[in-house]
$ cat final.txt   # compact mmCIF, C-alpha atoms
# COMPACT_ATOMS: atom_id res chain seq x y z
CA MET A 1 29.61 28.89 -47.99
CA LYS A 2 32.82 28.95 -50.04
CA LYS A 3 34.67 30.60 -47.16
CA ALA A 4 33.48 27.92 -44.75
CA TYR A 5 34.50 25.15 -47.15
CA SER A 6 37.89 26.79 -47.63
CA PHE A 7 38.38 27.07 -43.87
CA LEU A 8 37.52 23.42 -43.36
CA ARG A 9 39.88 22.33 -46.10
CA ARG A 10 42.77 24.36 -44.67
CA ASN A 11 42.13 23.31 -41.10
CA TRP A 12 40.89 19.73 -41.64
CA PRO A 13 43.30 18.10 -39.12
CA LEU A 14 42.29 20.66 -36.47
CA VAL A 15 38.59 20.07 -37.15
CA VAL A 16 38.99 16.30 -36.92
CA THR A 17 40.88 16.67 -33.64
CA ALA A 18 38.17 18.94 -32.23
CA VAL A 19 35.44 16.46 -33.18
CA ILE A 20 37.35 13.60 -31.54
CA VAL A 21 37.88 15.63 -28.37
CA LEU A 22 34.21 16.59 -28.25
CA ALA A 23 33.07 12.99 -28.81
CA THR A 24 35.43 11.77 -26.10
CA PHE A 25 34.16 14.41 -23.68
CA VAL A 26 30.52 13.45 -24.33
CA PHE A 27 31.34 9.72 -23.93
CA LEU A 28 33.24 10.18 -20.66
CA PHE A 29 30.85 12.64 -19.09
CA ARG A 30 27.57 11.23 -20.47
CA PRO A 31 26.49 9.67 -17.15
CA PHE A 32 27.23 12.92 -15.29
CA LEU A 33 25.39 15.02 -17.87
CA GLU A 34 22.37 12.69 -17.83
CA ASP A 35 22.29 12.73 -14.02
CA GLN A 36 22.32 16.52 -14.02
CA TYR A 37 19.51 16.59 -16.57
CA GLU A 38 17.43 14.25 -14.38
CA ASN A 39 18.15 16.33 -11.28
CA VAL A 40 17.06 19.54 -12.99
CA ALA A 41 13.99 17.91 -14.56
CA TYR A 42 12.94 16.51 -11.19
CA ALA A 43 13.51 19.86 -9.48
CA ILE A 44 11.12 21.44 -12.02
CA ASP A 45 8.56 18.64 -11.70
CA PRO A 46 9.12 16.82 -8.36
CA SER A 47 6.31 14.34 -8.90
CA PRO A 48 6.39 10.78 -7.56
CA GLN A 49 5.62 9.52 -11.07
CA ARG A 50 8.72 11.21 -12.49
CA ALA A 51 10.89 9.88 -9.67
CA PHE A 52 9.56 6.36 -10.25
CA GLU A 53 10.18 6.69 -13.99
CA TYR A 54 13.83 7.63 -13.38
CA GLY A 55 14.16 4.80 -10.88
CA GLU A 56 12.93 2.31 -13.48
CA LEU A 57 15.34 3.75 -16.05
CA HIS A 58 18.31 3.02 -13.81
CA PHE A 59 17.02 -0.42 -12.75
CA ASN A 60 16.78 -1.77 -16.28
CA ALA A 61 19.44 -4.44 -16.84
CA SER A 62 18.80 -4.48 -20.59
CA ASP A 63 20.39 -1.02 -20.83
CA PRO A 64 23.88 -1.26 -19.25
CA ALA A 65 24.66 2.39 -19.97
CA ASP A 66 21.86 3.61 -17.68
CA TYR A 67 21.91 0.83 -15.08
CA ASP A 68 22.76 2.23 -11.65
CA ILE A 69 21.21 0.47 -8.68
CA ASN A 70 22.09 3.24 -6.21
CA ARG A 71 20.57 5.96 -8.35
CA ALA A 72 17.50 3.78 -8.92
CA GLU A 73 17.10 3.40 -5.16
CA TYR A 74 17.54 7.16 -4.71
CA PHE A 75 14.66 7.95 -7.07
CA PHE A 76 12.41 5.19 -5.73
CA GLU A 77 12.88 6.60 -2.22
CA LEU A 78 12.00 10.08 -3.49
CA ALA A 79 8.83 8.62 -4.97
CA ALA A 80 8.04 6.76 -1.73
CA ALA A 81 8.37 9.96 0.29
CA LYS A 82 5.66 11.57 -1.84
CA ASP A 83 3.36 8.65 -2.66
CA PRO A 84 4.12 5.24 -1.11
CA THR A 85 1.03 3.74 -2.77
CA LEU A 86 2.43 3.84 -6.31
CA PRO A 87 2.06 0.42 -7.97
CA TYR A 88 5.21 -1.72 -7.76
CA LEU A 89 7.17 0.99 -5.91
CA TYR A 90 7.96 -1.04 -2.79
CA HIS A 91 8.27 -4.12 -4.99
CA GLU A 92 11.25 -2.44 -6.68
CA LEU A 93 12.70 -1.18 -3.40
CA ALA A 94 12.51 -4.74 -2.03
CA ARG A 95 14.33 -6.09 -5.08
CA ILE A 96 17.11 -3.57 -4.60
CA SER A 97 17.46 -4.35 -0.89
CA PHE A 98 17.57 -8.05 -1.78
CA LEU A 99 20.31 -7.50 -4.37
CA LYS A 100 22.29 -5.57 -1.76
CA GLY A 101 21.95 -8.50 0.64
CA ASN A 102 19.76 -6.62 3.11
CA PHE A 103 17.16 -9.37 3.47
CA PRO A 104 15.26 -8.13 6.57
CA THR A 105 14.72 -4.72 4.95
CA ALA A 106 13.73 -6.38 1.68
CA LEU A 107 11.20 -8.57 3.50
CA GLY A 108 9.67 -5.57 5.27
CA GLN A 109 9.38 -3.68 1.99
CA ILE A 110 7.77 -6.54 0.09
CA ASP A 111 5.37 -7.20 2.98
CA PHE A 112 4.34 -3.52 2.80
CA GLN A 113 3.88 -3.86 -0.96
CA ILE A 114 1.68 -6.95 -0.59
CA ASP A 115 -0.34 -5.38 2.24
CA MET A 116 -1.17 -2.47 -0.08
CA HIS A 117 -1.69 -4.25 -3.40
CA GLY A 118 -1.97 -7.98 -2.69
CA ALA A 119 -3.03 -10.25 -5.52
CA SER A 120 -3.32 -7.34 -7.96
CA GLU A 121 0.46 -7.58 -8.28
CA PRO A 122 1.25 -11.32 -8.00
CA ASN A 123 4.92 -10.87 -8.93
CA SER A 124 5.42 -9.50 -5.43
CA TYR A 125 4.74 -12.99 -4.04
CA TYR A 126 7.54 -14.28 -6.26
CA VAL A 127 9.90 -11.68 -4.84
CA ARG A 128 8.85 -12.48 -1.28
CA GLY A 129 9.39 -16.18 -1.94
CA LEU A 130 12.91 -15.42 -3.16
CA ILE A 131 13.72 -13.31 -0.11
CA GLU A 132 12.32 -15.91 2.28
CA GLY A 133 14.25 -18.64 0.52
CA PHE A 134 17.55 -16.81 0.98
CA MET A 135 16.65 -16.23 4.62
CA GLY A 136 16.15 -19.98 5.10
CA ASP A 137 12.39 -19.72 5.61
CA TYR A 138 11.65 -22.46 3.10
CA LYS A 139 8.09 -23.24 4.20
CA ASP A 140 6.83 -19.68 3.71
CA SER A 141 8.93 -19.35 0.57
CA ALA A 142 7.32 -22.45 -0.96
CA ALA A 143 3.86 -21.14 -0.09
CA ASP A 144 4.54 -17.82 -1.81
CA TYR A 145 5.94 -19.47 -4.94
CA LYS A 146 2.96 -21.82 -5.09
CA TYR A 147 0.59 -18.87 -4.79
CA PHE A 148 2.44 -16.93 -7.50
CA LEU A 149 2.32 -19.89 -9.89
CA GLN A 150 -1.48 -19.93 -9.66
CA PHE A 151 -1.41 -16.69 -11.68
CA ASP A 152 1.31 -17.79 -14.13
CA PRO A 153 1.64 -21.61 -14.07
CA THR A 154 4.20 -21.75 -16.90
CA ASP A 155 6.59 -19.10 -15.59
CA TRP A 156 9.81 -21.11 -15.81
CA ALA A 157 11.74 -18.94 -13.34
CA GLY A 158 8.98 -19.31 -10.76
CA ILE A 159 8.88 -23.07 -11.31
CA ASN A 160 12.65 -23.34 -11.02
CA ASP A 161 12.85 -21.28 -7.84
CA TYR A 162 9.94 -23.22 -6.36
CA ALA A 163 11.85 -26.43 -7.11
CA TRP A 164 14.96 -24.94 -5.46
CA VAL A 165 13.00 -24.38 -2.25
CA LEU A 166 11.42 -27.84 -2.44
CA LEU A 167 14.91 -29.35 -2.72
CA LYS A 168 15.99 -27.35 0.31
CA MET A 169 13.01 -28.83 2.15
CA GLY A 170 14.01 -32.35 1.11
CA ASP A 171 11.05 -32.85 -1.24
CA ALA A 172 12.97 -34.05 -4.30
CA GLN A 173 9.98 -35.87 -5.77
CA GLU A 174 7.82 -32.74 -5.92
CA ALA A 175 10.79 -30.74 -7.27
CA ALA A 176 11.19 -33.34 -10.03
CA THR A 177 7.47 -33.12 -10.84
CA GLU A 178 7.50 -29.32 -10.99
CA THR A 179 10.60 -29.06 -13.18
CA ALA A 180 9.35 -31.81 -15.48
CA TYR A 181 6.17 -29.78 -15.94
CA GLY A 182 8.22 -26.68 -16.77
CA LEU A 183 10.32 -28.62 -19.27
CA LYS A 184 7.18 -29.45 -21.25
CA PHE A 185 7.06 -25.78 -22.19
CA PHE A 186 10.80 -24.99 -22.11
CA PRO A 187 12.59 -28.26 -23.01
CA ALA A 188 15.98 -26.63 -23.52
CA ASN A 189 15.96 -24.37 -20.47
CA PRO A 190 19.32 -24.90 -18.73
CA TRP A 191 18.06 -23.90 -15.27
CA LEU A 192 15.11 -26.29 -15.35
CA LEU A 193 17.26 -29.10 -16.75
CA ASN A 194 19.84 -28.63 -14.02
CA SER A 195 17.25 -28.54 -11.23
CA ASN A 196 15.48 -31.56 -12.66
CA ALA A 197 18.78 -33.44 -12.75
CA ILE A 198 19.43 -32.63 -9.08
CA ALA A 199 15.93 -33.72 -8.08
CA LEU A 200 16.23 -37.03 -9.95
CA TYR A 201 19.66 -37.62 -8.46
CA GLU A 202 18.37 -37.05 -4.94
CA MET A 203 15.63 -39.57 -5.67
CA GLY A 204 18.32 -42.12 -6.54
CA LEU A 205 17.53 -42.09 -10.27
CA THR A 206 21.11 -41.55 -11.38
CA GLY A 207 20.61 -42.68 -14.98
CA PRO A 208 17.82 -40.22 -15.87
CA ALA A 209 19.56 -37.59 -13.73
CA LEU A 210 22.73 -37.95 -15.78
CA ASP A 211 20.79 -37.52 -19.03
CA GLN A 212 19.27 -34.29 -17.72
CA ALA A 213 22.59 -33.07 -16.35
CA LYS A 214 24.24 -33.57 -19.75
CA ALA A 215 21.37 -31.69 -21.39
CA ALA A 216 21.81 -28.86 -18.86
CA VAL A 217 25.51 -28.58 -19.68
CA ALA A 218 24.77 -28.53 -23.41
CA ALA A 219 22.06 -25.89 -22.98
CA GLY A 220 24.27 -23.85 -20.66
CA ALA A 221 27.01 -23.76 -23.28
CA LYS A 222 24.60 -21.89 -25.56
CA MET A 223 23.52 -19.39 -22.92
CA THR A 224 23.76 -15.76 -24.02
CA VAL A 225 24.04 -12.55 -22.05
CA GLN A 226 20.43 -11.78 -22.97
CA ASP A 227 19.34 -15.17 -21.62
CA TRP A 228 21.07 -14.44 -18.32
CA LEU A 229 19.66 -10.91 -18.07
CA HIS A 230 16.17 -12.25 -18.76
CA ALA A 231 16.61 -14.70 -15.90
CA TYR A 232 18.06 -12.06 -13.55
CA PRO A 233 16.47 -8.79 -14.72
CA GLY A 234 17.54 -6.67 -11.75
CA ASN A 235 21.17 -7.74 -11.63
CA ASP A 236 24.03 -5.60 -12.86
CA PRO A 237 24.53 -6.39 -16.57
CA LYS A 238 28.28 -5.97 -16.05
CA VAL A 239 28.38 -9.30 -14.19
CA ALA A 240 26.38 -11.23 -16.80
CA GLU A 241 29.44 -12.96 -18.25
CA ASP A 242 30.54 -14.02 -14.76
CA GLY A 243 27.02 -15.26 -14.03
CA ILE A 244 27.02 -17.39 -17.17
CA ALA A 245 30.42 -18.83 -16.31
CA ALA A 246 29.27 -19.61 -12.77
CA PHE A 247 26.20 -21.47 -14.03
CA GLN A 248 28.23 -23.42 -16.57
CA ALA A 249 30.76 -24.43 -13.92
CA ALA A 250 28.01 -25.49 -11.49
CA ALA A 251 26.20 -27.51 -14.18
CA ALA A 252 29.46 -29.23 -15.18
CA GLN A 253 30.25 -30.06 -11.55
CA ASN A 254 26.74 -31.39 -11.06
CA MET A 255 27.09 -33.61 -14.14
CA HIS A 256 30.47 -34.87 -12.93
CA SER A 257 29.06 -35.77 -9.50
CA ILE A 258 26.16 -37.66 -11.05
CA GLN A 259 28.53 -39.46 -13.43
CA LEU A 260 30.56 -40.68 -10.47
CA ALA A 261 27.41 -41.81 -8.67
CA GLU A 262 26.15 -43.60 -11.78
CA ALA A 263 29.52 -45.32 -12.30
CA SER A 264 29.58 -46.43 -8.66
CA SER A 265 26.02 -47.74 -8.94
CA THR A 266 26.92 -49.70 -12.07
CA LEU A 267 29.97 -51.24 -10.38
CA GLN A 268 27.91 -52.28 -7.38
CA LEU A 269 25.24 -53.80 -9.63
CA ASN A 270 27.84 -55.75 -11.61
CA ALA A 271 29.50 -56.95 -8.41
CA SER A 272 26.18 -58.20 -7.09
CA HIS A 273 25.74 -60.29 -10.23
CA ASP A 274 29.17 -61.92 -9.96

$ encode --input "final.txt" --output "structure tokens"
Amino acid sequence: MKKAYSFLRRNWPLVVTAVIVLATFVFLFRPFLEDQYENVAYAIDPSPQRAFEYGELHFNASDPADYDINRAEYFFELAAAKDPTLPYLYHELARISFLKGNFPTALGQIDFQIDMHGASEPNSYYVRGLIEGFMGDYKDSAADYKYFLQFDPTDWAGINDYAWVLLKMGDAQEAATETAYGLKFFPANPWLLNSNAIALYEMGLTGPALDQAKAAVAAGAKMTVQDWLHAYPGNDPKVAEDGIAAFQAAAAQNMHSIQLAEASSTLQLNASHD
């Protein structure tokens, strides 16, 4: 023990340097080392459950260190090759295809998921509604969102996306009704406030729309990375800051547009009274 202590005392700078080098090596090569561990573990136990577990690990936006959408897809496909009936397997594959912009593939995958599991996994209808909405199929998208909301009527993201589709369909009144309902439960939700403002504006109610737009801007200014990741759980956490900035810019632009419309409406009203 004394010899070891004496060695450390004499060679303290060398020991510190070695520790720093080792820590740096582990930090830089951690993803590679973890990937190799997963590869070996899967080779020993090539079960669909293990593959799905690793896929979920790499598709978790709350853990930026492990998030890797390509590796998640790789393991989900391994699982699908062995047992395509695993719960939520094709749901996750559809989400990944959607995030990669491959909407037809995503739609086929989520249709397969729903054909196998149907209402036992209602979140799949939400995902299909999102895919259909981005493909411009607003009617089917609205139907899927409406069906999903039967299972979870106060899911604010589902309400907000349903309102988005309703606005695309030109049904501002129903979008205003839906977002107002959501705001009863989440009065400071920036997404609902912004959508409600747009719906009111499209109905010609510029005064109430401006109030909601201002509230959306104020709520957006308080948005955290965790808020954004909760709203977009499958997205790369590395782009969270950009996503927040994009929402804040869009909400500010929306408020500015409504302010101009409200000012113009006030001028016209005053002119009519002169």

$ axis_aligned_box --input "final.txt" --around "region 179-182 of chain A" --padding-each-side "3 Å" --output "lines of an AutoDock Vina configuration file"
center_x = 8.4
center_y = -29.2
center_z = -15.0
size_x = 10.4
size_y = 11.1
size_z = 9.6

$ closest_residue --input "final.txt" --among "A:Met116, A:Ala252, A:Ala240, A:Ile110" --to "Asp227 (chain A)" --atoms "all atoms listed in the file"
A:Ala240

$ residues_around --input "final.txt" --residues "Leu130 (chain A)" --least-positions-apart "4" --cutoff "8 Å" --atoms "only C-alpha atoms" --output "list in words"
Tyr126, Phe134, Ser141 and Asp161 of chain A

$ residues_around --input "final.txt" --residues "Asn254 (chain A)" --least-positions-apart "3" --cutoff "12 Å" --atoms "all atoms listed in the file" --output "PyMOL selection string"
chain A and resi 193-202+206+209-217+247-251+257-261

$ atom_distance --input "final.txt" --atom1 "CA of Asp115 (chain A)" --atom2 "CA of Pro233 (chain A)"
24.1 Å

$ residues_near_point --input "final.txt" --point "(10.6, -26.8, -11.3)" --cutoff "9 Å" --atoms "only C-alpha atoms" --output "list in words"
Trp156, Ala157, Gly158, Ile159, Asn160, Asp161, Tyr162, Ala163, Trp164, Leu166, Glu174, Ala175, Ala176, Thr177, Glu178, Thr179, Ala180, Tyr181, Gly182, Leu183, Trp191, Leu192, Leu193, Ser195 and Asn196 of chain A

$ atom_distance --input "final.txt" --atom1 "CA of Leu93 (chain A)" --atom2 "CA of Thr154 (chain A)"
26.0 Å

$ closest_residue --input "final.txt" --among "A:Asp236, A:Asp242, A:Asp137, A:Glu121" --to "Asn70 (chain A)" --atoms "all atoms listed in the file"
A:Asp236

$ atom_distance --input "final.txt" --atom1 "CA of Ile131 (chain A)" --atom2 "CA of Leu89 (chain A)"
16.8 Å

$ residues_around --input "final.txt" --residues "Tyr125 (chain A)" --least-positions-apart "5" --cutoff "9 Å" --atoms "only C-alpha atoms" --output "count of residues only"
10

$ closest_residue --input "final.txt" --among "A:Glu241, A:Lys100, A:Phe52, A:Pro64" --to "Tyr88 (chain A)" --atoms "all atoms listed in the file"
A:Phe52

$ residues_around --input "final.txt" --residues "Glu73 (chain A)" --least-positions-apart "6" --cutoff "9 Å" --atoms "only C-alpha atoms" --output "ChimeraX atom specification"
/A:55,58-59,92-93,96-97

$ write_last_selection --input "final.txt" --atoms "C-alpha atoms" --output "PDB file, in the coordinates of the input"
ATOM      1  CA  GLY A  55      14.160   4.800 -10.880  1.00  0.00           C
ATOM      2  CA  HIS A  58      18.310   3.020 -13.810  1.00  0.00           C
ATOM      3  CA  PHE A  59      17.020  -0.420 -12.750  1.00  0.00           C
ATOM      4  CA  GLU A  92      11.250  -2.440  -6.680  1.00  0.00           C
ATOM      5  CA  LEU A  93      12.700  -1.180  -3.400  1.00  0.00           C
ATOM      6  CA  ILE A  96      17.110  -3.570  -4.600  1.00  0.00           C
ATOM      7  CA  SER A  97      17.460  -4.350  -0.890  1.00  0.00           C
TER       8      SER A  97
END
